[in-house]
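This report refers to the structure that appears directly beneath it.
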Amino acid sequence: MTLLVVENLNKNFGGVVAARNVSFTLAAGEMLAMIGPNGAGKSTSFNMVGGQLRPDSGRVMLEGQDITGLPPRAICRLGVGRSFQVAQIFLSMSVLENLQMALIAHAGRTRDVISRAGALYRSEALGLLDQLGMAEQAERPMGALAYGDVKRVELAIALAGAPRLLLMDEPTAGMAPAERAALMRLVAGIARSSGIGVLFTEHDMDAVFAHADRILVLVRGEIIAAGTPEEVRANPEVQRVYLGTSGLRAALRARAAAHG
């Protein structure tokens with residue numbers, strides 16, 4: 001089932017073309033990676049989908065509903081979760097409290113924060129943490145966690161609203177190689193078991209080629225290639241302008257190992 005349809009998004013900043021006729025679809029349960037060199041237009045395109053930027057033209061459809069230009073909060077309430085390159089968490093709170101705050105905010109019960117926050121959505125928060133293998137650390141302060149665990153908590157926060165679409169901006173940034181692989185396996189498993197569509201940007205080609213079902217390659221604001229990891233690897237234009245043959249071979253070896 002097609003979850004997201006992006007049609008001909010365009011964005012200019014003065015005389016600089018940041019995105020030109022960006023179009024793609026995303027199915028429920030699919031992992032779709034958006035890659036490209038610095039300045040390729042990944043962040044611009046990603047942020048137009050998430051509502052952080054309003055496109056100059058084009059449209060974004062979520063399950064047939066036009067969400068083009070809606071603010072991020074409105075898009076979130078329509079079933080879109082998001083994680084960021086820099087984790088958005090409350091360091092002074094416990095792991096459990098961070099999840100409870102996310103659930104309270106999604107339910108629109110922020111007036112209850114002062115008087116009843118400790119009791120609200122506790123079981124739901126513990127369920128999310130258990131799903132991500134973090135239940136034993138529920139009472140630990142966020143500031144005491146290893147960075148890989150912080151990123152897992154941020155993923156749990158993004159899942160707190162039971163999204164149909166998950167947007168992940170550089171989900172493995174700052175993580176060690178083993179942590180990157182573990183996090184992406186977790187995301188892929190959740191996406192496929194729950195039918196959540198995942199759109200993510202990523203610089204780690206091992207993570208991209210090991211876990212993406214399809215890949216979009218952007219250069220100078222335009223999509224120059226789209227397809228499966230194998231199709232992208234074989235694309236001469238991608239090899240010429242971005243990844244290089246040796247890098248692609250290494251990335252495909254990582255994918256074979258992940259699925260072997």
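Letters for chains follow the order of the structure tokens (A, B, ...), residue numbers begin at 1 for each chain, and ligand numbers begin at 1 in the order shown.
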
* Asked: Mind checking DSSP for stretch 90-246 of chain A and telling me the strand (DSSP E or B) residues as a PyMOL selection string?
  -> chain A and resi 94+141+165-169+197-201+214-219+222-227

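Taking only C-alpha atoms into account, A:Leu91 lies nearest to A:Glu154 out of the set A:Glu30, A:Glu154, A:Glu179, A:Glu237.
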
* Considering only C-alpha atoms, return as a list of chain:residue names whatever protein or nucleic-acid residues lie within 8 Å of A:Ile196, sequence-local ones (same chain, fewer than 2 positions apart) excluded. =>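 Neighbouring residues, sequence-local ones excluded: A:Ala28, A:Gly29, A:Glu30, A:Pro163, A:Arg164, A:Leu165, A:Leu166, A:Ile190, A:Ala191, A:Arg192, A:Ser194, A:Val198.
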
Nearby residues (only C-alpha atoms) at most 12 Å from A:Arg73, same-chain spacing under 2 positions excluded, as a compact mmCIF listing (two decimals) with all heavy atoms, in the first residue's frame:
```txt
# COMPACT_ATOMS: atom_id res chain seq x y z
N GLY A 50 8.59 16.87 6.07
CA GLY A 50 8.28 16.95 7.49
C GLY A 50 7.64 18.25 7.94
O GLY A 50 7.23 18.36 9.09
N GLY A 51 7.57 19.25 7.05
CA GLY A 51 6.92 20.50 7.40
C GLY A 51 7.84 21.57 7.94
O GLY A 51 7.38 22.69 8.22
N GLN A 52 9.13 21.29 8.06
CA GLN A 52 10.05 22.32 8.53
C GLN A 52 10.29 23.39 7.47
O GLN A 52 10.63 24.53 7.79
CB GLN A 52 11.39 21.71 8.95
CG GLN A 52 11.38 20.99 10.28
CD GLN A 52 10.70 19.63 10.20
OE1 GLN A 52 10.61 19.02 9.13
NE2 GLN A 52 10.21 19.15 11.33
N ILE A 67 -0.71 17.16 2.74
CA ILE A 67 -0.10 17.74 3.94
C ILE A 67 0.94 18.80 3.57
O ILE A 67 1.71 19.25 4.43
CB ILE A 67 0.54 16.66 4.84
CG1 ILE A 67 1.70 15.96 4.12
CG2 ILE A 67 -0.50 15.65 5.29
CD1 ILE A 67 2.53 15.05 5.03
N GLY A 69 3.05 21.83 3.21
CA GLY A 69 3.17 23.11 3.91
C GLY A 69 2.56 23.16 5.29
O GLY A 69 2.62 24.22 5.94
N LEU A 70 1.99 22.06 5.76
CA LEU A 70 1.46 22.06 7.13
C LEU A 70 2.62 22.17 8.12
O LEU A 70 3.72 21.69 7.86
CB LEU A 70 0.67 20.79 7.41
CG LEU A 70 -0.65 20.60 6.68
CD1 LEU A 70 -1.28 19.26 7.09
CD2 LEU A 70 -1.60 21.74 6.98
N PRO A 71 2.41 22.79 9.29
CA PRO A 71 3.47 22.87 10.29
C PRO A 71 3.79 21.49 10.85
O PRO A 71 2.94 20.58 10.84
CB PRO A 71 2.89 23.80 11.35
CG PRO A 71 1.41 23.71 11.18
CD PRO A 71 1.17 23.49 9.71
N ILE A 75 1.50 17.90 11.17
CA ILE A 75 1.91 16.69 10.45
C ILE A 75 2.10 15.54 11.43
O ILE A 75 1.71 14.39 11.16
CB ILE A 75 3.18 16.96 9.63
CG1 ILE A 75 2.83 17.89 8.45
CG2 ILE A 75 3.79 15.66 9.11
CD1 ILE A 75 4.03 18.31 7.62
N CYS A 76 2.67 15.81 12.58
CA CYS A 76 2.85 14.79 13.62
C CYS A 76 1.51 14.20 14.04
O CYS A 76 1.37 12.98 14.18
CB CYS A 76 3.59 15.40 14.81
SG CYS A 76 3.77 14.27 16.22
N ARG A 77 0.52 15.05 14.22
CA ARG A 77 -0.78 14.58 14.68
C ARG A 77 -1.51 13.75 13.61
O ARG A 77 -2.46 13.04 13.93
CB ARG A 77 -1.64 15.76 15.12
CG ARG A 77 -1.08 16.46 16.35
CD ARG A 77 -2.12 17.34 17.03
NE ARG A 77 -1.58 17.98 18.21
CZ ARG A 77 -1.40 17.40 19.39
NH1 ARG A 77 -1.75 16.13 19.54
NH2 ARG A 77 -0.89 18.06 20.41
N LEU A 78 -1.05 13.85 12.37
CA LEU A 78 -1.63 13.05 11.30
C LEU A 78 -0.96 11.68 11.15
O LEU A 78 -1.32 10.91 10.27
CB LEU A 78 -1.56 13.82 9.97
CG LEU A 78 -2.46 15.06 9.88
CD1 LEU A 78 -2.17 15.83 8.60
CD2 LEU A 78 -3.93 14.66 9.93
N GLY A 79 0.03 11.39 12.03
CA GLY A 79 0.64 10.07 12.01
C GLY A 79 2.05 10.03 11.48
O GLY A 79 2.46 9.03 10.89
N VAL A 80 2.80 11.10 11.70
CA VAL A 80 4.19 11.15 11.25
C VAL A 80 5.10 11.36 12.47
O VAL A 80 4.94 12.33 13.20
CB VAL A 80 4.42 12.28 10.22
CG1 VAL A 80 5.90 12.32 9.80
CG2 VAL A 80 3.52 12.09 9.01
N GLY A 81 6.03 10.45 12.68
CA GLY A 81 7.03 10.58 13.74
C GLY A 81 8.34 11.02 13.15
O GLY A 81 8.61 10.82 11.96
N ARG A 82 9.19 11.62 13.98
CA ARG A 82 10.47 12.09 13.47
C ARG A 82 11.56 11.99 14.53
O ARG A 82 11.32 12.27 15.70
CB ARG A 82 10.36 13.54 12.99
CG ARG A 82 11.72 14.10 12.55
CD ARG A 82 11.64 15.26 11.63
NE ARG A 82 12.99 15.64 11.21
CZ ARG A 82 13.28 16.57 10.33
NH1 ARG A 82 12.30 17.25 9.76
NH2 ARG A 82 14.52 16.85 10.00
N ALA A 105 2.36 14.67 25.44
CA ALA A 105 2.29 15.72 24.40
C ALA A 105 1.46 15.24 23.22
O ALA A 105 0.65 16.00 22.67
CB ALA A 105 3.70 16.10 23.96
N HIS A 106 1.66 13.99 22.81
CA HIS A 106 0.90 13.49 21.66
C HIS A 106 -0.59 13.43 21.96
O HIS A 106 -1.42 13.69 21.08
CB HIS A 106 1.40 12.11 21.25
CG HIS A 106 0.75 11.59 20.01
ND1 HIS A 106 1.10 12.02 18.75
CD2 HIS A 106 -0.26 10.69 19.84
CE1 HIS A 106 0.34 11.41 17.85
NE2 HIS A 106 -0.49 10.60 18.49
N GLY A 108 -2.13 15.48 23.84
CA GLY A 108 -2.64 16.83 24.10
C GLY A 108 -3.02 17.05 25.55
O GLY A 108 -3.90 17.87 25.85
N GLY A 161 3.73 8.23 19.20
CA GLY A 161 2.42 8.57 18.64
C GLY A 161 1.88 7.53 17.68
O GLY A 161 0.92 7.81 16.94
```

From stretch 27-146 of chain A, collect each residue whose DSSP state is helix (DSSP H, G or I) and return the set as a compact mmCIF listing (two decimals) with all heavy atoms, in the first residue's frame.
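Saved the output as part_29.txt:
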```txt
# COMPACT_ATOMS: atom_id res chain seq x y z
N LYS A 42 19.29 16.88 0.13
CA LYS A 42 18.65 15.87 0.98
C LYS A 42 17.86 16.53 2.11
O LYS A 42 16.69 16.22 2.33
CB LYS A 42 19.69 14.92 1.58
CG LYS A 42 20.56 14.20 0.60
CD LYS A 42 21.46 13.20 1.30
CE LYS A 42 22.35 13.84 2.36
NZ LYS A 42 23.34 14.78 1.78
N SER A 43 18.54 17.38 2.86
CA SER A 43 17.88 18.00 4.01
C SER A 43 16.71 18.87 3.59
O SER A 43 15.66 18.88 4.24
CB SER A 43 18.89 18.83 4.81
OG SER A 43 19.88 18.00 5.39
N THR A 44 16.88 19.59 2.49
CA THR A 44 15.78 20.44 2.00
C THR A 44 14.57 19.59 1.65
O THR A 44 13.44 19.89 2.06
CB THR A 44 16.24 21.24 0.77
OG1 THR A 44 17.31 22.11 1.15
CG2 THR A 44 15.09 22.07 0.20
N SER A 45 14.78 18.52 0.90
CA SER A 45 13.66 17.65 0.50
C SER A 45 13.04 16.98 1.71
O SER A 45 11.81 16.92 1.85
CB SER A 45 14.16 16.60 -0.49
OG SER A 45 14.70 17.20 -1.65
N PHE A 46 13.88 16.49 2.60
CA PHE A 46 13.42 15.83 3.82
C PHE A 46 12.58 16.79 4.66
O PHE A 46 11.50 16.42 5.16
CB PHE A 46 14.66 15.38 4.60
CG PHE A 46 14.38 14.43 5.73
CD1 PHE A 46 14.21 13.08 5.50
CD2 PHE A 46 14.32 14.88 7.04
CE1 PHE A 46 13.98 12.20 6.54
CE2 PHE A 46 14.09 14.02 8.09
CZ PHE A 46 13.91 12.66 7.83
N ASN A 47 13.04 18.02 4.81
CA ASN A 47 12.32 18.99 5.64
C ASN A 47 11.04 19.49 4.99
O ASN A 47 10.12 19.92 5.69
CB ASN A 47 13.25 20.15 5.98
CG ASN A 47 14.30 19.77 7.01
OD1 ASN A 47 14.09 18.90 7.84
ND2 ASN A 47 15.45 20.41 6.94
N MET A 48 10.95 19.44 3.67
CA MET A 48 9.68 19.78 3.03
C MET A 48 8.63 18.71 3.31
O MET A 48 7.45 19.02 3.49
CB MET A 48 9.88 19.99 1.52
CG MET A 48 10.57 21.30 1.18
SD MET A 48 10.53 21.70 -0.60
CE MET A 48 11.72 20.52 -1.24
N VAL A 49 9.05 17.45 3.37
CA VAL A 49 8.12 16.38 3.72
C VAL A 49 7.66 16.52 5.17
O VAL A 49 6.48 16.36 5.49
CB VAL A 49 8.77 15.00 3.50
CG1 VAL A 49 7.85 13.88 4.01
CG2 VAL A 49 9.08 14.79 2.03
N GLY A 50 8.59 16.87 6.07
CA GLY A 50 8.28 16.95 7.49
C GLY A 50 7.64 18.25 7.94
O GLY A 50 7.23 18.36 9.09
N PRO A 72 5.01 21.30 11.36
CA PRO A 72 5.42 19.98 11.87
C PRO A 72 4.47 19.39 12.90
O PRO A 72 4.21 18.19 12.89
CB PRO A 72 6.80 20.26 12.47
CG PRO A 72 7.32 21.42 11.69
CD PRO A 72 6.12 22.27 11.41
N ARG A 73 3.94 20.21 13.80
CA ARG A 73 3.04 19.67 14.84
C ARG A 73 1.79 19.08 14.22
O ARG A 73 1.31 18.01 14.64
CB ARG A 73 2.68 20.76 15.84
CG ARG A 73 1.74 20.29 16.94
CD ARG A 73 1.59 21.30 18.05
NE ARG A 73 2.85 21.52 18.76
CZ ARG A 73 2.97 22.29 19.81
NH1 ARG A 73 1.93 22.95 20.28
NH2 ARG A 73 4.14 22.42 20.40
N ALA A 74 1.24 19.75 13.21
CA ALA A 74 0.04 19.24 12.55
C ALA A 74 0.35 17.95 11.81
O ALA A 74 -0.45 17.00 11.82
CB ALA A 74 -0.51 20.29 11.59
N ILE A 75 1.50 17.90 11.17
CA ILE A 75 1.91 16.69 10.45
C ILE A 75 2.10 15.54 11.43
O ILE A 75 1.71 14.39 11.16
CB ILE A 75 3.18 16.96 9.63
CG1 ILE A 75 2.83 17.89 8.45
CG2 ILE A 75 3.79 15.66 9.11
CD1 ILE A 75 4.03 18.31 7.62
N CYS A 76 2.67 15.81 12.58
CA CYS A 76 2.85 14.79 13.62
C CYS A 76 1.51 14.20 14.04
O CYS A 76 1.37 12.98 14.18
CB CYS A 76 3.59 15.40 14.81
SG CYS A 76 3.77 14.27 16.22
N ARG A 77 0.52 15.05 14.22
CA ARG A 77 -0.78 14.58 14.68
C ARG A 77 -1.51 13.75 13.61
O ARG A 77 -2.46 13.04 13.93
CB ARG A 77 -1.64 15.76 15.12
CG ARG A 77 -1.08 16.46 16.35
CD ARG A 77 -2.12 17.34 17.03
NE ARG A 77 -1.58 17.98 18.21
CZ ARG A 77 -1.40 17.40 19.39
NH1 ARG A 77 -1.75 16.13 19.54
NH2 ARG A 77 -0.89 18.06 20.41
N VAL A 95 14.74 7.99 31.67
CA VAL A 95 14.32 7.41 30.39
C VAL A 95 12.80 7.30 30.34
O VAL A 95 12.16 7.70 29.36
CB VAL A 95 14.98 6.03 30.21
CG1 VAL A 95 14.40 5.32 28.99
CG2 VAL A 95 16.49 6.18 30.08
N LEU A 96 12.21 6.76 31.40
CA LEU A 96 10.75 6.59 31.44
C LEU A 96 10.03 7.92 31.35
O LEU A 96 9.04 8.05 30.62
CB LEU A 96 10.37 5.86 32.72
CG LEU A 96 8.88 5.59 32.93
CD1 LEU A 96 8.32 4.70 31.83
CD2 LEU A 96 8.63 4.95 34.30
N GLU A 97 10.51 8.92 32.07
CA GLU A 97 9.86 10.23 32.05
C GLU A 97 9.90 10.86 30.67
O GLU A 97 8.95 11.53 30.26
CB GLU A 97 10.52 11.15 33.09
CG GLU A 97 10.18 10.77 34.52
CD GLU A 97 11.05 11.49 35.53
OE1 GLU A 97 12.16 11.95 35.16
OE2 GLU A 97 10.62 11.59 36.70
N ASN A 98 10.99 10.66 29.92
CA ASN A 98 11.06 11.18 28.57
C ASN A 98 9.97 10.57 27.70
O ASN A 98 9.32 11.27 26.92
CB ASN A 98 12.44 10.90 27.96
CG ASN A 98 13.43 12.02 28.19
OD1 ASN A 98 13.56 12.93 27.37
ND2 ASN A 98 14.13 11.97 29.31
N LEU A 99 9.76 9.26 27.85
CA LEU A 99 8.70 8.60 27.07
C LEU A 99 7.33 9.07 27.50
O LEU A 99 6.43 9.29 26.67
CB LEU A 99 8.82 7.09 27.21
CG LEU A 99 9.58 6.35 26.11
CD1 LEU A 99 8.83 6.43 24.80
CD2 LEU A 99 10.98 6.91 25.94
N GLN A 100 7.13 9.23 28.80
CA GLN A 100 5.84 9.71 29.29
C GLN A 100 5.54 11.11 28.77
O GLN A 100 4.41 11.41 28.38
CB GLN A 100 5.83 9.71 30.83
CG GLN A 100 5.74 8.32 31.44
CD GLN A 100 5.78 8.37 32.96
OE1 GLN A 100 6.85 8.44 33.55
NE2 GLN A 100 4.61 8.37 33.58
N MET A 101 6.54 11.98 28.74
CA MET A 101 6.34 13.33 28.22
C MET A 101 5.93 13.30 26.75
O MET A 101 5.06 14.06 26.32
CB MET A 101 7.61 14.16 28.41
CG MET A 101 7.91 14.54 29.85
SD MET A 101 6.64 15.62 30.57
CE MET A 101 6.90 17.11 29.61
N ALA A 102 6.55 12.42 25.99
CA ALA A 102 6.20 12.30 24.57
C ALA A 102 4.76 11.83 24.40
O ALA A 102 4.01 12.35 23.56
CB ALA A 102 7.16 11.34 23.88
N LEU A 103 4.35 10.86 25.19
CA LEU A 103 2.98 10.34 25.11
C LEU A 103 1.97 11.38 25.58
O LEU A 103 0.89 11.52 25.00
CB LEU A 103 2.87 9.07 25.94
CG LEU A 103 3.60 7.85 25.36
CD1 LEU A 103 3.83 6.79 26.44
CD2 LEU A 103 2.82 7.26 24.20
N ILE A 104 2.31 12.12 26.63
CA ILE A 104 1.43 13.19 27.12
C ILE A 104 1.25 14.26 26.06
O ILE A 104 0.13 14.73 25.80
CB ILE A 104 2.00 13.79 28.42
CG1 ILE A 104 1.85 12.80 29.58
CG2 ILE A 104 1.31 15.11 28.77
CD1 ILE A 104 2.65 13.18 30.82
N ALA A 105 2.36 14.67 25.44
CA ALA A 105 2.29 15.72 24.40
C ALA A 105 1.46 15.24 23.22
O ALA A 105 0.65 16.00 22.67
CB ALA A 105 3.70 16.10 23.96
N HIS A 106 1.66 13.99 22.81
CA HIS A 106 0.90 13.49 21.66
C HIS A 106 -0.59 13.43 21.96
O HIS A 106 -1.42 13.69 21.08
CB HIS A 106 1.40 12.11 21.25
CG HIS A 106 0.75 11.59 20.01
ND1 HIS A 106 1.10 12.02 18.75
CD2 HIS A 106 -0.26 10.69 19.84
CE1 HIS A 106 0.34 11.41 17.85
NE2 HIS A 106 -0.49 10.60 18.49
N THR A 110 -0.96 18.24 28.03
CA THR A 110 0.13 18.97 28.67
C THR A 110 -0.30 19.72 29.92
O THR A 110 0.52 20.02 30.78
CB THR A 110 0.75 19.97 27.67
OG1 THR A 110 -0.29 20.79 27.11
CG2 THR A 110 1.46 19.24 26.54
N ARG A 111 -1.60 20.00 30.07
CA ARG A 111 -2.06 20.66 31.30
C ARG A 111 -1.92 19.77 32.52
O ARG A 111 -1.91 20.24 33.66
CB ARG A 111 -3.53 21.09 31.14
CG ARG A 111 -3.74 22.21 30.13
CD ARG A 111 -5.20 22.60 30.08
NE ARG A 111 -5.43 23.68 29.12
CZ ARG A 111 -6.62 24.22 28.87
NH1 ARG A 111 -7.69 23.77 29.53
NH2 ARG A 111 -6.75 25.18 27.99
N ASP A 112 -1.80 18.46 32.28
CA ASP A 112 -1.69 17.52 33.39
C ASP A 112 -0.24 17.28 33.82
O ASP A 112 0.00 16.51 34.75
CB ASP A 112 -2.30 16.16 33.01
CG ASP A 112 -3.80 16.25 32.80
OD1 ASP A 112 -4.44 17.06 33.49
OD2 ASP A 112 -4.31 15.52 31.93
N VAL A 113 0.71 17.92 33.14
CA VAL A 113 2.11 17.62 33.39
C VAL A 113 2.50 17.87 34.84
O VAL A 113 3.16 17.06 35.49
CB VAL A 113 3.01 18.43 32.44
CG1 VAL A 113 4.46 18.39 32.90
CG2 VAL A 113 2.91 17.89 31.02
N ILE A 114 2.11 19.01 35.39
CA ILE A 114 2.56 19.38 36.73
C ILE A 114 1.95 18.48 37.80
O ILE A 114 2.64 17.98 38.68
CB ILE A 114 2.23 20.86 37.03
CG1 ILE A 114 3.02 21.77 36.08
CG2 ILE A 114 2.53 21.20 38.48
CD1 ILE A 114 2.69 23.23 36.23
N SER A 115 0.66 18.24 37.71
CA SER A 115 -0.02 17.54 38.79
C SER A 115 -0.01 16.02 38.67
O SER A 115 0.00 15.31 39.68
CB SER A 115 -1.47 18.03 38.88
OG SER A 115 -2.16 17.74 37.68
N ARG A 116 0.01 15.48 37.42
CA ARG A 116 -0.22 14.04 37.28
C ARG A 116 0.77 13.35 36.35
O ARG A 116 0.60 12.17 36.03
CB ARG A 116 -1.63 13.81 36.73
CG ARG A 116 -2.75 14.35 37.60
CD ARG A 116 -4.10 14.09 36.96
NE ARG A 116 -4.30 12.68 36.69
CZ ARG A 116 -5.19 12.21 35.81
NH1 ARG A 116 -5.95 13.04 35.13
NH2 ARG A 116 -5.33 10.91 35.63
N ALA A 117 1.82 14.03 35.93
CA ALA A 117 2.69 13.47 34.89
C ALA A 117 3.28 12.12 35.29
O ALA A 117 3.42 11.22 34.45
CB ALA A 117 3.81 14.45 34.56
N GLY A 118 3.63 11.95 36.56
CA GLY A 118 4.28 10.72 36.97
C GLY A 118 3.44 9.48 36.79
O GLY A 118 3.98 8.37 36.63
N ALA A 119 2.12 9.63 36.78
CA ALA A 119 1.24 8.47 36.67
C ALA A 119 0.71 8.25 35.26
O ALA A 119 0.18 7.18 34.95
CB ALA A 119 0.05 8.64 37.63
N ARG A 122 2.33 5.50 32.01
CA ARG A 122 3.50 4.75 32.48
C ARG A 122 3.59 3.38 31.82
O ARG A 122 4.66 2.98 31.35
CB ARG A 122 3.43 4.61 34.00
CG ARG A 122 4.65 3.92 34.60
CD ARG A 122 4.55 3.81 36.12
NE ARG A 122 5.69 3.10 36.67
CZ ARG A 122 6.84 3.66 37.00
NH1 ARG A 122 7.00 4.97 36.84
NH2 ARG A 122 7.83 2.94 37.48
N SER A 123 2.49 2.65 31.77
CA SER A 123 2.53 1.31 31.19
C SER A 123 2.82 1.37 29.69
O SER A 123 3.55 0.53 29.15
CB SER A 123 1.22 0.58 31.45
OG SER A 123 0.13 1.26 30.85
N GLU A 124 2.25 2.38 29.00
CA GLU A 124 2.51 2.54 27.57
C GLU A 124 3.99 2.84 27.31
O GLU A 124 4.60 2.31 26.38
CB GLU A 124 1.65 3.65 26.98
CG GLU A 124 0.16 3.33 26.94
CD GLU A 124 -0.56 3.73 28.23
OE1 GLU A 124 0.11 3.97 29.26
OE2 GLU A 124 -1.79 3.81 28.20
N ALA A 125 4.56 3.70 28.17
CA ALA A 125 5.97 4.05 28.02
C ALA A 125 6.86 2.84 28.26
O ALA A 125 7.82 2.59 27.52
CB ALA A 125 6.33 5.18 28.99
N LEU A 126 6.52 2.05 29.28
CA LEU A 126 7.30 0.84 29.55
C LEU A 126 7.19 -0.16 28.40
O LEU A 126 8.16 -0.85 28.08
CB LEU A 126 6.82 0.21 30.86
CG LEU A 126 7.23 0.93 32.14
CD1 LEU A 126 6.49 0.35 33.33
CD2 LEU A 126 8.75 0.86 32.34
N GLY A 127 6.03 -0.22 27.77
CA GLY A 127 5.85 -1.10 26.62
C GLY A 127 6.75 -0.70 25.46
O GLY A 127 7.35 -1.56 24.80
N LEU A 128 6.85 0.59 25.19
CA LEU A 128 7.73 1.07 24.13
C LEU A 128 9.18 0.75 24.44
O LEU A 128 9.94 0.32 23.57
CB LEU A 128 7.56 2.58 23.94
CG LEU A 128 6.37 3.04 23.11
CD1 LEU A 128 6.16 4.54 23.26
CD2 LEU A 128 6.57 2.67 21.64
N LEU A 129 9.57 0.97 25.69
CA LEU A 129 10.95 0.70 26.07
C LEU A 129 11.27 -0.79 25.96
O LEU A 129 12.37 -1.17 25.54
CB LEU A 129 11.21 1.19 27.49
CG LEU A 129 11.22 2.73 27.67
CD1 LEU A 129 11.33 3.10 29.13
CD2 LEU A 129 12.37 3.35 26.87
N ASP A 130 10.32 -1.63 26.32
CA ASP A 130 10.52 -3.06 26.20
C ASP A 130 10.70 -3.46 24.74
O ASP A 130 11.53 -4.32 24.41
CB ASP A 130 9.32 -3.80 26.81
CG ASP A 130 9.52 -5.30 26.81
OD1 ASP A 130 10.51 -5.76 27.41
OD2 ASP A 130 8.71 -6.01 26.19
N GLN A 131 9.93 -2.85 23.86
CA GLN A 131 10.03 -3.13 22.42
C GLN A 131 11.44 -2.82 21.90
O GLN A 131 11.93 -3.50 20.99
CB GLN A 131 9.00 -2.30 21.65
CG GLN A 131 8.93 -2.61 20.16
CD GLN A 131 7.88 -1.76 19.46
OE1 GLN A 131 7.37 -0.79 20.00
NE2 GLN A 131 7.56 -2.12 18.23
N ALA A 135 13.83 -1.55 28.66
CA ALA A 135 12.97 -1.55 29.84
C ALA A 135 13.79 -1.55 31.14
O ALA A 135 13.40 -0.91 32.12
CB ALA A 135 12.03 -2.75 29.81
N GLU A 136 14.93 -2.23 31.14
CA GLU A 136 15.73 -2.31 32.36
C GLU A 136 16.37 -0.97 32.73
O GLU A 136 16.84 -0.79 33.85
CB GLU A 136 16.81 -3.38 32.20
CG GLU A 136 16.26 -4.80 32.13
CD GLU A 136 17.36 -5.83 32.05
OE1 GLU A 136 18.55 -5.43 31.99
OE2 GLU A 136 17.04 -7.04 32.04
N GLN A 137 16.40 -0.04 31.77
CA GLN A 137 17.01 1.26 32.03
C GLN A 137 15.97 2.36 32.21
O GLN A 137 16.30 3.54 32.18
CB GLN A 137 17.96 1.63 30.89
CG GLN A 137 19.05 0.59 30.65
CD GLN A 137 20.20 1.13 29.85
OE1 GLN A 137 20.85 2.08 30.25
NE2 GLN A 137 20.45 0.52 28.70
N MET A 142 18.62 10.22 31.73
CA MET A 142 19.09 10.23 30.35
C MET A 142 20.57 10.61 30.27
O MET A 142 21.31 10.09 29.43
CB MET A 142 18.26 11.21 29.52
CG MET A 142 16.86 10.74 29.21
SD MET A 142 16.77 9.26 28.16
CE MET A 142 17.71 9.77 26.73
N GLY A 143 20.99 11.51 31.13
CA GLY A 143 22.37 11.96 31.09
C GLY A 143 23.38 10.89 31.42
O GLY A 143 24.58 11.08 31.18
N ALA A 144 22.94 9.75 31.97
CA ALA A 144 23.86 8.67 32.34
C ALA A 144 23.95 7.59 31.27
O ALA A 144 24.73 6.65 31.41
CB ALA A 144 23.41 8.04 33.66
```

* Structure fact -> What separates atom CA of A:Leu132 and atom CA of A:Leu186 is a distance of 7.5 Å

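Going from atom CA of A:Gly148 to atom CA of A:Ala162 covers 22.2 Å.
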
* Quick one, how far is atom CA of A:Thr68 from atom CA of A:Gly189? -> 29.1 Å

* Asked: Between A:Asn235, A:Thr2, A:Asn12, A:Asn21, which has the minimum distance to A:Arg54 (counting only C-alpha atoms)?
  ->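 Of the candidates, the smallest distance to A:Arg54 is held by A:Asn12.
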
* To do: Give me the residues within 10 Å of A:Asp56 as a ChimeraX atom specification, counting only C-alpha atoms and dropping any in the same chain fewer than 3 places off.
  => /A:9-13,19,48,53,59,69

Write out the residues from the selection above, keeping N, CA, C and O atoms, as a short mmCIF file (atom, residue, chain, number, x, y, z; two decimals), in the first residue's frame.
```cif
data_model
loop_
_atom_site.label_atom_id
_atom_site.label_comp_id
_atom_site.auth_asym_id
_atom_site.auth_seq_id
_atom_site.Cartn_x
_atom_site.Cartn_y
_atom_site.Cartn_z
N LEU A 9 8.47 18.45 -5.94
CA LEU A 9 8.82 19.48 -4.96
C LEU A 9 9.95 20.34 -5.48
O LEU A 9 10.97 19.83 -5.97
N ASN A 10 9.78 21.65 -5.34
CA ASN A 10 10.80 22.61 -5.74
C ASN A 10 11.04 23.60 -4.62
O ASN A 10 10.10 24.04 -3.93
N LYS A 11 12.33 23.95 -4.42
CA LYS A 11 12.67 24.94 -3.41
C LYS A 11 13.93 25.69 -3.82
O LYS A 11 14.96 25.07 -4.12
N ASN A 12 13.83 27.02 -3.85
CA ASN A 12 14.97 27.89 -4.13
C ASN A 12 15.25 28.76 -2.92
O ASN A 12 14.32 29.20 -2.23
N PHE A 13 16.52 29.03 -2.68
CA PHE A 13 16.93 29.99 -1.68
C PHE A 13 17.67 31.11 -2.41
O PHE A 13 18.85 30.96 -2.72
N ALA A 19 16.16 22.22 -4.40
CA ALA A 19 15.42 21.03 -4.79
C ALA A 19 14.69 21.31 -6.09
O ALA A 19 14.06 22.37 -6.23
N MET A 48 10.95 19.44 3.67
CA MET A 48 9.68 19.78 3.03
C MET A 48 8.63 18.71 3.31
O MET A 48 7.45 19.02 3.49
N LEU A 53 10.11 23.02 6.20
CA LEU A 53 10.21 23.96 5.09
C LEU A 53 8.97 23.86 4.22
O LEU A 53 8.45 22.77 4.00
N ARG A 59 3.71 18.99 -4.16
CA ARG A 59 2.85 18.61 -3.05
C ARG A 59 3.31 17.30 -2.40
O ARG A 59 4.02 16.49 -3.00
N GLY A 69 3.05 21.83 3.21
CA GLY A 69 3.17 23.11 3.91
C GLY A 69 2.56 23.16 5.29
O GLY A 69 2.62 24.22 5.94
#
```

* Surrounding residues of A:Glu170 excluding itself and chain neighbours under 5 positions, 12 Å, only C-alpha atoms, as JSON, numbers by chain -> {"A": [33, 34, 35, 42, 43, 46, 82, 83, 84, 85, 86, 87, 151, 175, 180, 183, 184, 199, 200, 201, 202, 203, 204, 205, 207, 208]}

* To do: Considering only C-alpha atoms, return as a PyMOL selection string whatever protein or nucleic-acid residues lie within 10 Å of A:Asn38, sequence-local ones (same chain, fewer than 6 positions apart) excluded.
  => chain A and resi 203+218-220

* Select, from A:Gly58, A:Gly195, A:Phe209, A:Gly174, the residue with the minimum atom-to-atom distance to A:Ala27, counting only C-alpha atoms. =>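 Comparing A:Gly58, A:Gly195, A:Phe209, A:Gly174 against A:Ala27, the winner is A:Gly195.
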